[in-house]
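Structure below is data24.cif: mmCIF, C-alpha atoms.
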```cif
data_entry
#
loop_
_atom_site.group_PDB
_atom_site.id
_atom_site.type_symbol
_atom_site.label_atom_id
_atom_site.label_comp_id
_atom_site.auth_asym_id
_atom_site.auth_seq_id
_atom_site.Cartn_x
_atom_site.Cartn_y
_atom_site.Cartn_z
ATOM 1 C CA MET A 8 134.436 139.131 134.722
ATOM 2 C CA LEU A 9 135.901 141.324 132.015
ATOM 3 C CA PRO A 10 135.704 140.128 128.397
ATOM 4 C CA SER A 11 138.732 139.819 126.152
ATOM 5 C CA PHE A 12 139.025 141.784 122.922
ATOM 6 C CA PHE A 13 140.515 141.644 119.467
ATOM 7 C CA ILE A 14 141.065 145.240 118.330
ATOM 8 C CA ALA A 15 142.386 146.337 114.951
ATOM 9 C CA HIS A 16 145.087 148.995 115.219
ATOM 10 C CA GLY A 17 144.902 150.039 111.560
ATOM 11 C CA ALA A 18 147.498 152.472 110.238
ATOM 12 C CA PRO A 19 149.570 154.596 112.667
ATOM 13 C CA LEU A 20 147.634 157.704 111.577
ATOM 14 C CA LEU A 21 144.733 156.529 113.753
ATOM 15 C CA ALA A 22 146.644 157.990 116.680
ATOM 16 C CA ILE A 23 145.989 161.538 115.451
ATOM 17 C CA GLU A 24 142.766 161.082 113.466
ATOM 18 C CA ASN A 25 139.205 161.813 114.499
ATOM 19 C CA ASN A 26 136.883 159.465 112.667
ATOM 20 C CA GLU A 27 134.189 156.851 113.198
ATOM 21 C CA TYR A 28 136.639 154.258 114.440
ATOM 22 C CA THR A 29 138.684 156.438 116.782
ATOM 23 C CA GLN A 30 135.468 157.801 118.272
ATOM 24 C CA PHE A 31 134.240 154.257 118.846
ATOM 25 C CA LEU A 32 137.423 153.268 120.681
ATOM 26 C CA ASN A 33 137.302 156.454 122.784
ATOM 27 C CA GLN A 34 133.764 155.576 123.807
ATOM 28 C CA LEU A 35 134.599 151.927 124.460
ATOM 29 C CA GLY A 36 137.296 152.917 126.929
ATOM 30 C CA GLN A 37 134.805 155.130 128.762
ATOM 31 C CA THR A 38 132.069 152.492 128.989
ATOM 32 C CA LEU A 39 134.119 149.453 130.032
ATOM 33 C CA PRO A 40 134.622 148.837 133.750
ATOM 34 C CA ARG A 41 138.012 150.228 134.663
ATOM 35 C CA PRO A 42 140.503 147.339 134.575
ATOM 36 C CA LYS A 43 143.130 146.688 137.228
ATOM 37 C CA ALA A 44 145.660 146.135 134.431
ATOM 38 C CA ILE A 45 145.844 145.348 130.714
ATOM 39 C CA ILE A 46 147.546 142.393 129.040
ATOM 40 C CA LEU A 47 148.131 143.221 125.377
ATOM 41 C CA PHE A 48 149.301 140.903 122.599
ATOM 42 C CA SER A 49 150.644 143.000 119.712
ATOM 43 C CA ALA A 50 151.053 141.914 116.088
ATOM 44 C CA HIS A 51 154.167 144.092 115.975
ATOM 45 C CA TRP A 52 156.020 142.108 118.600
ATOM 46 C CA GLU A 53 156.944 138.761 117.079
ATOM 47 C CA SER A 54 159.100 136.156 118.768
ATOM 48 C CA SER A 55 159.746 132.436 118.441
ATOM 49 C CA ILE A 56 159.011 131.941 122.140
ATOM 50 C CA GLN A 57 156.299 133.709 124.103
ATOM 51 C CA LYS A 58 157.575 136.949 125.617
ATOM 52 C CA VAL A 59 156.189 138.452 128.818
ATOM 53 C CA SER A 60 157.158 142.007 129.661
ATOM 54 C CA ASP A 61 158.309 142.976 133.125
ATOM 55 C CA VAL A 62 158.971 146.686 132.638
ATOM 56 C CA ASP A 63 158.712 149.528 135.147
ATOM 57 C CA THR A 64 157.878 152.291 132.630
ATOM 58 C CA TYR A 65 157.529 151.731 128.891
ATOM 59 C CA ASP A 66 159.249 153.748 126.208
ATOM 60 C CA THR A 67 157.196 154.591 123.107
ATOM 61 C CA ILE A 68 158.413 152.773 119.989
ATOM 62 C CA TYR A 69 157.899 154.471 116.606
ATOM 63 C CA ASP A 70 158.075 151.348 114.431
ATOM 64 C CA PHE A 71 157.022 153.126 111.226
ATOM 65 C CA GLY A 72 158.359 155.765 108.883
ATOM 66 C CA GLY A 73 157.247 158.547 106.580
ATOM 67 C CA PHE A 74 154.226 159.729 108.559
ATOM 68 C CA ASP A 75 153.164 163.080 110.008
ATOM 69 C CA PRO A 76 155.843 164.436 112.413
ATOM 70 C CA GLU A 77 153.127 164.803 115.048
ATOM 71 C CA LEU A 78 153.089 161.012 115.431
ATOM 72 C CA TYR A 79 156.709 160.972 116.566
ATOM 73 C CA ARG A 80 155.980 163.423 119.369
ATOM 74 C CA ILE A 81 153.412 161.176 121.026
ATOM 75 C CA LYS A 82 154.457 159.571 124.296
ATOM 76 C CA TYR A 83 152.537 156.785 125.983
ATOM 77 C CA SER A 84 154.497 156.129 129.156
ATOM 78 C CA ALA A 85 152.418 153.386 130.722
ATOM 79 C CA GLN A 86 153.659 151.561 133.803
ATOM 80 C CA GLY A 87 154.136 147.828 134.125
ATOM 81 C CA ASP A 88 153.023 145.623 137.023
ATOM 82 C CA GLN A 89 155.516 143.108 138.330
ATOM 83 C CA GLN A 90 152.951 141.217 140.387
ATOM 84 C CA ILE A 91 150.750 140.536 137.368
ATOM 85 C CA SER A 92 153.771 139.669 135.236
ATOM 86 C CA ASN A 93 154.603 137.068 137.880
ATOM 87 C CA GLU A 94 151.039 135.745 137.809
ATOM 88 C CA ILE A 95 151.298 135.344 134.037
ATOM 89 C CA LYS A 96 154.577 133.475 134.400
ATOM 90 C CA ASP A 97 153.020 131.159 136.989
ATOM 91 C CA LEU A 98 150.044 130.432 134.726
ATOM 92 C CA PHE A 99 152.273 129.733 131.745
ATOM 93 C CA THR A 100 154.387 127.368 133.824
ATOM 94 C CA LYS A 101 151.280 125.583 135.129
ATOM 95 C CA ASN A 102 149.889 125.201 131.593
ATOM 96 C CA GLY A 103 153.113 124.139 129.907
ATOM 97 C CA VAL A 104 153.636 127.337 127.893
ATOM 98 C CA SER A 105 157.298 128.132 127.259
ATOM 99 C CA PHE A 106 158.188 131.795 127.755
ATOM 100 C CA ASP A 107 160.933 134.343 128.268
ATOM 101 C CA VAL A 108 160.789 137.565 130.271
ATOM 102 C CA ASP A 109 161.619 140.899 128.640
ATOM 103 C CA THR A 110 162.635 143.803 130.878
ATOM 104 C CA LYS A 111 163.516 146.467 128.289
ATOM 105 C CA ARG A 112 161.182 146.610 125.289
ATOM 106 C CA GLY A 113 158.817 149.555 124.962
ATOM 107 C CA LEU A 114 155.315 149.642 123.467
ATOM 108 C CA ASP A 115 155.107 149.423 119.662
ATOM 109 C CA HIS A 116 152.356 151.187 117.729
ATOM 110 C CA GLY A 117 150.230 148.050 117.685
ATOM 111 C CA ALA A 118 150.015 148.526 121.434
ATOM 112 C CA TRP A 119 150.143 152.253 122.128
ATOM 113 C CA VAL A 120 147.813 153.400 119.354
ATOM 114 C CA VAL A 121 145.043 151.154 120.722
ATOM 115 C CA LEU A 122 145.813 151.879 124.374
ATOM 116 C CA ARG A 123 145.947 155.632 123.840
ATOM 117 C CA LEU A 124 142.547 155.643 122.136
ATOM 118 C CA LEU A 125 141.017 153.570 124.934
ATOM 119 C CA TYR A 126 142.852 155.070 127.912
ATOM 120 C CA PRO A 127 144.552 158.329 126.884
ATOM 121 C CA ASN A 128 145.950 159.083 130.337
ATOM 122 C CA ALA A 129 148.238 156.019 130.350
ATOM 123 C CA ASP A 130 147.221 155.437 133.962
ATOM 124 C CA ILE A 131 146.487 151.689 133.813
ATOM 125 C CA PRO A 132 149.359 149.192 134.164
ATOM 126 C CA VAL A 133 150.219 147.246 131.007
ATOM 127 C CA ILE A 134 151.864 143.887 130.460
ATOM 128 C CA SER A 135 152.997 143.616 126.850
ATOM 129 C CA MET A 136 153.022 140.220 125.129
ATOM 130 C CA SER A 137 154.501 138.917 121.885
ATOM 131 C CA VAL A 138 152.862 136.738 119.222
ATOM 132 C CA ASN A 139 154.234 133.885 117.151
ATOM 133 C CA GLN A 140 152.799 133.425 113.663
ATOM 134 C CA ASN A 141 154.666 130.136 113.258
ATOM 135 C CA LEU A 142 152.595 128.400 115.902
ATOM 136 C CA LYS A 143 149.460 126.520 114.941
ATOM 137 C CA PRO A 144 146.230 128.403 115.744
ATOM 138 C CA GLU A 145 145.466 125.753 118.358
ATOM 139 C CA GLU A 146 148.679 126.662 120.164
ATOM 140 C CA GLN A 147 147.971 130.391 119.991
ATOM 141 C CA TYR A 148 144.515 129.688 121.398
ATOM 142 C CA LYS A 149 146.067 127.645 124.227
ATOM 143 C CA ILE A 150 148.316 130.547 125.236
ATOM 144 C CA GLY A 151 145.298 132.820 125.535
ATOM 145 C CA LYS A 152 143.310 130.146 127.363
ATOM 146 C CA SER A 153 146.026 129.772 129.978
ATOM 147 C CA LEU A 154 145.388 133.403 130.999
ATOM 148 C CA SER A 155 141.589 133.218 131.151
ATOM 149 C CA ALA A 156 141.486 133.137 134.965
ATOM 150 C CA LEU A 157 142.934 136.657 135.061
ATOM 151 C CA ARG A 158 139.751 138.069 133.574
ATOM 152 C CA ALA A 159 138.039 137.302 136.893
ATOM 153 C CA LYS A 160 140.610 139.557 138.576
ATOM 154 C CA ASP A 161 139.548 142.621 136.553
ATOM 155 C CA ILE A 162 142.449 142.280 134.145
ATOM 156 C CA LEU A 163 141.643 143.234 130.565
ATOM 157 C CA ILE A 164 143.112 141.045 127.817
ATOM 158 C CA ILE A 165 143.490 142.675 124.386
ATOM 159 C CA ALA A 166 144.926 141.260 121.183
ATOM 160 C CA SER A 167 145.866 143.920 118.627
ATOM 161 C CA GLY A 168 146.107 143.228 114.893
ATOM 162 C CA GLY A 169 143.748 143.232 111.915
ATOM 163 C CA THR A 170 141.413 140.647 110.391
ATOM 164 C CA VAL A 171 142.186 141.852 106.861
ATOM 165 C CA HIS A 172 145.695 143.252 106.609
ATOM 166 C CA ASN A 173 147.464 143.119 103.253
ATOM 167 C CA LEU A 174 149.668 146.169 102.786
ATOM 168 C CA ARG A 175 150.388 145.210 99.179
ATOM 169 C CA ALA A 176 146.683 145.461 98.394
ATOM 170 C CA VAL A 177 145.689 148.663 100.211
ATOM 171 C CA LYS A 178 144.561 151.593 98.086
ATOM 172 C CA TRP A 179 145.372 154.718 100.047
ATOM 173 C CA ALA A 180 143.077 156.986 97.997
ATOM 174 C CA ASP A 181 140.111 154.574 97.699
ATOM 175 C CA ASN A 182 137.477 154.018 100.362
ATOM 176 C CA GLU A 183 135.271 151.663 98.332
ATOM 177 C CA VAL A 184 135.548 148.304 100.091
ATOM 178 C CA ASP A 185 136.923 145.412 98.028
ATOM 179 C CA GLN A 186 134.523 142.491 97.692
ATOM 180 C CA TRP A 187 137.200 139.937 98.494
ATOM 181 C CA ALA A 188 137.835 141.600 101.862
ATOM 182 C CA LEU A 189 134.142 141.610 102.716
ATOM 183 C CA GLU A 190 133.758 137.960 101.774
ATOM 184 C CA PHE A 191 136.639 136.912 103.999
ATOM 185 C CA ASP A 192 135.467 139.035 106.927
ATOM 186 C CA ASP A 193 131.881 137.756 106.582
ATOM 187 C CA TRP A 194 133.131 134.161 106.673
ATOM 188 C CA LEU A 195 135.180 134.964 109.740
ATOM 189 C CA ALA A 196 132.235 136.621 111.496
ATOM 190 C CA HIS A 197 129.979 133.625 110.874
ATOM 191 C CA HIS A 198 132.425 131.164 112.394
ATOM 192 C CA LEU A 199 133.372 133.432 115.280
ATOM 193 C CA ASN A 200 129.727 133.899 116.205
ATOM 194 C CA ASN A 201 129.318 130.115 116.235
ATOM 195 C CA TRP A 202 132.647 129.601 118.051
ATOM 196 C CA ASP A 203 133.531 127.135 115.316
ATOM 197 C CA VAL A 204 137.174 126.699 116.211
ATOM 198 C CA ASP A 205 137.519 123.631 113.986
ATOM 199 C CA SER A 206 136.877 125.802 110.931
ATOM 200 C CA LEU A 207 138.653 128.863 112.272
ATOM 201 C CA PHE A 208 141.843 126.920 112.901
ATOM 202 C CA LYS A 209 141.752 125.965 109.200
ATOM 203 C CA TYR A 210 140.915 129.466 107.969
ATOM 204 C CA ASP A 211 143.802 129.451 105.501
ATOM 205 C CA SER A 212 142.257 126.588 103.521
ATOM 206 C CA LEU A 213 138.538 127.155 104.207
ATOM 207 C CA ALA A 214 137.949 130.909 104.196
ATOM 208 C CA PRO A 215 137.290 132.631 100.857
ATOM 209 C CA ASN A 216 140.149 134.889 99.733
ATOM 210 C CA ALA A 217 142.287 133.928 102.727
ATOM 211 C CA GLU A 218 145.428 134.250 100.635
ATOM 212 C CA TYR A 219 144.639 137.960 100.103
ATOM 213 C CA ALA A 220 143.225 138.803 103.529
ATOM 214 C CA VAL A 221 145.946 136.960 105.450
ATOM 215 C CA PRO A 222 148.985 136.771 103.170
ATOM 216 C CA ARG A 223 151.854 134.547 104.178
ATOM 217 C CA TYR A 224 154.004 137.572 104.950
ATOM 218 C CA GLY A 225 151.258 139.138 107.094
ATOM 219 C CA LYS A 226 149.832 136.414 109.307
ATOM 220 C CA GLU A 227 151.071 138.200 112.420
ATOM 221 C CA HIS A 228 148.163 140.656 112.194
ATOM 222 C CA PHE A 229 145.470 138.007 111.962
ATOM 223 C CA ILE A 230 146.638 135.434 114.500
ATOM 224 C CA PRO A 231 146.215 137.651 117.619
ATOM 225 C CA ILE A 232 142.509 136.860 117.337
ATOM 226 C CA PHE A 233 143.234 133.320 118.528
ATOM 227 C CA TYR A 234 144.950 134.591 121.679
ATOM 228 C CA ALA A 235 141.896 136.742 122.463
ATOM 229 C CA MET A 236 139.488 133.876 121.786
ATOM 230 C CA GLY A 237 141.440 131.490 123.970
ATOM 231 C CA ALA A 238 141.245 133.937 126.857
ATOM 232 C CA ALA A 239 137.441 133.580 126.741
ATOM 233 C CA ASP A 240 137.290 129.813 126.219
ATOM 234 C CA ASP A 241 135.322 129.472 129.455
ATOM 235 C CA SER A 242 132.323 131.278 127.946
ATOM 236 C CA GLN A 243 132.825 130.829 124.185
ATOM 237 C CA LYS A 244 130.757 133.865 123.207
ATOM 238 C CA ALA A 245 131.716 136.287 120.458
ATOM 239 C CA LYS A 246 130.232 139.679 119.597
ATOM 240 C CA LEU A 247 131.231 142.061 116.823
ATOM 241 C CA LEU A 248 131.180 145.562 118.300
ATOM 242 C CA HIS A 249 132.498 147.490 115.308
ATOM 243 C CA ARG A 250 133.496 146.896 111.720
ATOM 244 C CA SER A 251 134.625 149.362 109.097
ATOM 245 C CA PHE A 252 137.264 149.476 106.366
ATOM 246 C CA ARG A 253 139.831 151.994 105.188
ATOM 247 C CA TYR A 254 141.945 152.199 102.045
ATOM 248 C CA GLY A 255 139.868 149.656 100.141
ATOM 249 C CA ASN A 256 140.403 146.641 102.387
ATOM 250 C CA LEU A 257 142.191 147.436 105.670
ATOM 251 C CA SER A 258 139.809 146.271 108.375
ATOM 252 C CA HIS A 259 138.933 148.142 111.539
ATOM 253 C CA SER A 260 137.125 145.572 113.620
ATOM 254 C CA VAL A 261 136.561 145.085 117.317
ATOM 255 C CA TRP A 262 135.510 141.661 118.582
ATOM 256 C CA GLN A 263 134.455 141.049 122.159
ATOM 257 C CA PHE A 264 134.868 137.554 123.577
ATOM 258 C CA GLY A 265 133.225 136.411 126.768
#
```
In structure tokens, how does this file's structure come out?
Amino acid sequence: MLPSFFIAHGAPLLAIENNEYTQFLNQLGQTLPRPKAIILFSAHWESSIQKVSDVDTYDTIYDFGGFDPELYRIKYSAQGDQQISNEIKDLFTKNGVSFDVDTKRGLDHGAWVVLRLLYPNADIPVISMSVNQNLKPEEQYKIGKSLSALRAKDILIIASGGTVHNLRAVKWADNEVDQWALEFDDWLAHHLNNWDVDSLFKYDSLAPNAEYAVPRYGKEHFIPIFYAMGAADDSQKAKLLHRSFRYGNLSHSVWQFG
């Protein structure tokens, strides 16, 4: 059974950089068993109702501005998989999860930057999924949990975001890690390792510096972790595979669940 993952997608520049984190993701894609397909929840696709993609071939969305022109020449033309989209719809219906089907939207950078680093040939089918920061963490967890059976079918479930993601606090020319970011991420790691969902679901009131690490305007990057956790509820095991920081406090972390 494949694990599920929470993977930070960082800044768009990761797509063309060669550093510790990009090398780690390249290696991770080479060492994981090859999945039949990938289900990916992206922080950059928000919707008030769960969206499930049913797309033949994805366009590449450049949902950013002011970066190196090379970024806008990248294409990640992954295919969809209608059969697996239908399986997802059946599971959501069985588990009481409301959803809509999207047949047009391409892959945003929260999806294609991660996918391209893991699987550069774009030769694995992808089903793109939205996130909803207005749901309670328990509800986000439930959505992930409803898909857990797919892991036994060699389907890889990834949630893409960032554990510490406050664009108003990043320091583009400073690589010294802010203490407040470390304190929040250490708290998170402790409770993830213990699968302490009671505390994790109340992170905004219990975690130190939560108001900086997960600002109200930026919850969409943190909450994908609950979708990934829910997908591994059957095993309830967490393992931190990588953690580093850029720009003072922007986290690059990879959590494996299951």
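The coordinates place atom CA of Leu21 of chain A at 25.3 Å from atom CA of Ala217 of chain A.
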Open item on the list: Residue by residue, what does the PyMOL selection byres ((chain A and resi 22) around 10) grab here? Present the result as a PyMOL selection string.
Closed with: chain A and resi 16-21+23-25+29+77-78+81+116+119-124
TODO: Name the residues that the PyMOL selection byres ((chain A and resi 85-100) around 6) pulls out of this structure, and write them as a PyMOL selection string.
DONE: chain A and resi 61-65+83-84+101-104+129+132-134
Would you export the selected residues with C-alpha atoms as a compact mmCIF listing (two decimals), in the frame of the given file, please?
```
# COMPACT_ATOMS: atom_id res chain seq x y z
CA ASP A 61 158.31 142.98 133.12
CA VAL A 62 158.97 146.69 132.64
CA ASP A 63 158.71 149.53 135.15
CA THR A 64 157.88 152.29 132.63
CA TYR A 65 157.53 151.73 128.89
CA TYR A 83 152.54 156.78 125.98
CA SER A 84 154.50 156.13 129.16
CA LYS A 101 151.28 125.58 135.13
CA ASN A 102 149.89 125.20 131.59
CA GLY A 103 153.11 124.14 129.91
CA VAL A 104 153.64 127.34 127.89
CA ALA A 129 148.24 156.02 130.35
CA PRO A 132 149.36 149.19 134.16
CA VAL A 133 150.22 147.25 131.01
CA ILE A 134 151.86 143.89 130.46
```
Open item on the list: I need the residue nearest Ser260 of chain A from this list: A:Val204, A:Ile150, A:Val108, A:Ala196. Use only C-alpha atoms for the distance.
Closed with: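 So, comparing all the options, the nearest one is A:Ala196.
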Open item on the list: Taking 4 positions as the minimum chain separation for residues in the same chain, which residues sit within 6 Å of segment 243-249 of chain A when counting only C-alpha atoms? Answer as a ChimeraX atom specification.
Closed with: /A:200,239,260-265
- [ ] Using all atoms listed in the file, determine which residues lie at most 6 Å from segment 178-195 of chain A, disregarding the query and same-chain residues fewer than 6 positions distant; provide the list as a ChimeraX atom specification.
- [x] /A:215-216,253-256
Task: Best match for closeness to Leu199 of chain A among A:Ala235, A:Ile165, A:Val177, A:Ala15, counting only C-alpha atoms - done: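 The shortest atom-to-atom distance to Leu199 of chain A comes from A:Ala235.
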Open item on the list: One decimal, in Å: what's the spacing between atom CA of Val138 of chain A and atom CA of Gly73 of chain A?
Closed with: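 That distance, rounded to one decimal, is 25.6 Å.
Going from atom CA of Gln30 of chain A to atom CA of Val171 of chain A covers 20.7 Å.
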TODO: Determine the nearest neighbour of Ser206 of chain A from the options A:His172, A:Pro144, A:Pro10, A:Ile131, counting all atoms listed in the file.
DONE: A:Pro144
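For the choices A:Ile230, A:Glu27, A:Phe48, A:Pro42, the atom-to-atom distance to Asn141 of chain A is smallest for A:Ile230 when using all atoms listed in the file.
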- [ ] Using only C-alpha atoms, pick whichever of A:Lys82, A:Lys111, A:Lys152, A:Lys143 has the shortest atom-to-atom distance to Ser242 of chain A.
- [x] A:Lys152
Report as an mmCIF file with C-alpha atoms, keeping the file's coordinate frame all protein, DNA and RNA residues lying within 7 Å of Ser167 of chain A, evaluated on only C-alpha atoms, omitting residues in the same chain fewer than 5 positions from it.
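This went into around_21.cif:
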```cif
data_model
loop_
_atom_site.group_PDB
_atom_site.id
_atom_site.type_symbol
_atom_site.label_atom_id
_atom_site.label_comp_id
_atom_site.auth_asym_id
_atom_site.auth_seq_id
_atom_site.Cartn_x
_atom_site.Cartn_y
_atom_site.Cartn_z
ATOM 1 C CA PHE A 13 140.515 141.644 119.467
ATOM 2 C CA ILE A 14 141.065 145.240 118.330
ATOM 3 C CA ALA A 15 142.386 146.337 114.951
ATOM 4 C CA HIS A 16 145.087 148.995 115.219
ATOM 5 C CA PHE A 48 149.301 140.903 122.599
ATOM 6 C CA SER A 49 150.644 143.000 119.712
ATOM 7 C CA ALA A 50 151.053 141.914 116.088
ATOM 8 C CA GLY A 117 150.230 148.050 117.685
ATOM 9 C CA ALA A 118 150.015 148.526 121.434
ATOM 10 C CA PRO A 231 146.215 137.651 117.619
#
```
Mind telling me what the PyMOL selection byres ((chain A and resi 151) around 9) catches here, as a compact mmCIF listing (two decimals) with C-alpha atoms, in the frame of the given file?
```txt
# COMPACT_ATOMS: atom_id res chain seq x y z
CA GLU A 146 148.68 126.66 120.16
CA GLN A 147 147.97 130.39 119.99
CA TYR A 148 144.51 129.69 121.40
CA LYS A 149 146.07 127.64 124.23
CA ILE A 150 148.32 130.55 125.24
CA LYS A 152 143.31 130.15 127.36
CA SER A 153 146.03 129.77 129.98
CA LEU A 154 145.39 133.40 131.00
CA SER A 155 141.59 133.22 131.15
CA ILE A 164 143.11 141.04 127.82
CA PHE A 233 143.23 133.32 118.53
CA TYR A 234 144.95 134.59 121.68
CA ALA A 235 141.90 136.74 122.46
CA MET A 236 139.49 133.88 121.79
CA GLY A 237 141.44 131.49 123.97
CA ALA A 238 141.24 133.94 126.86
CA ALA A 239 137.44 133.58 126.74
CA ASP A 240 137.29 129.81 126.22
```
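Of the listed residues (A:Leu142, A:Ile45, A:Gly36, A:Phe208), A:Gly36 comes nearest to Pro127 of chain A; the distances count only C-alpha atoms.
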Open item on the list: Which residues are near Tyr79 of chain A? Cut-off 10 Å, all atoms listed in the file, ignore same chain within fewer than 6 positions. Put them as number ranges by chain.
Closed with: A: 67-72
TODO: Tell me, as a PyMOL selection string, which residues lie within 9 Å of Val221 of chain A, counting all atoms listed in the file; anything in the same chain fewer than 3 positions away does not count.
DONE: chain A and resi 170-173+211+216-218+224-229
- [ ] Identify the residues around (161.8, 145.7, 125.2) within a radius of 9 Å, measuring from all atoms listed in the file in the coordinates stated by the file, and give them as a PyMOL selection string.
- [x] chain A and resi 60+62+65-66+109-114
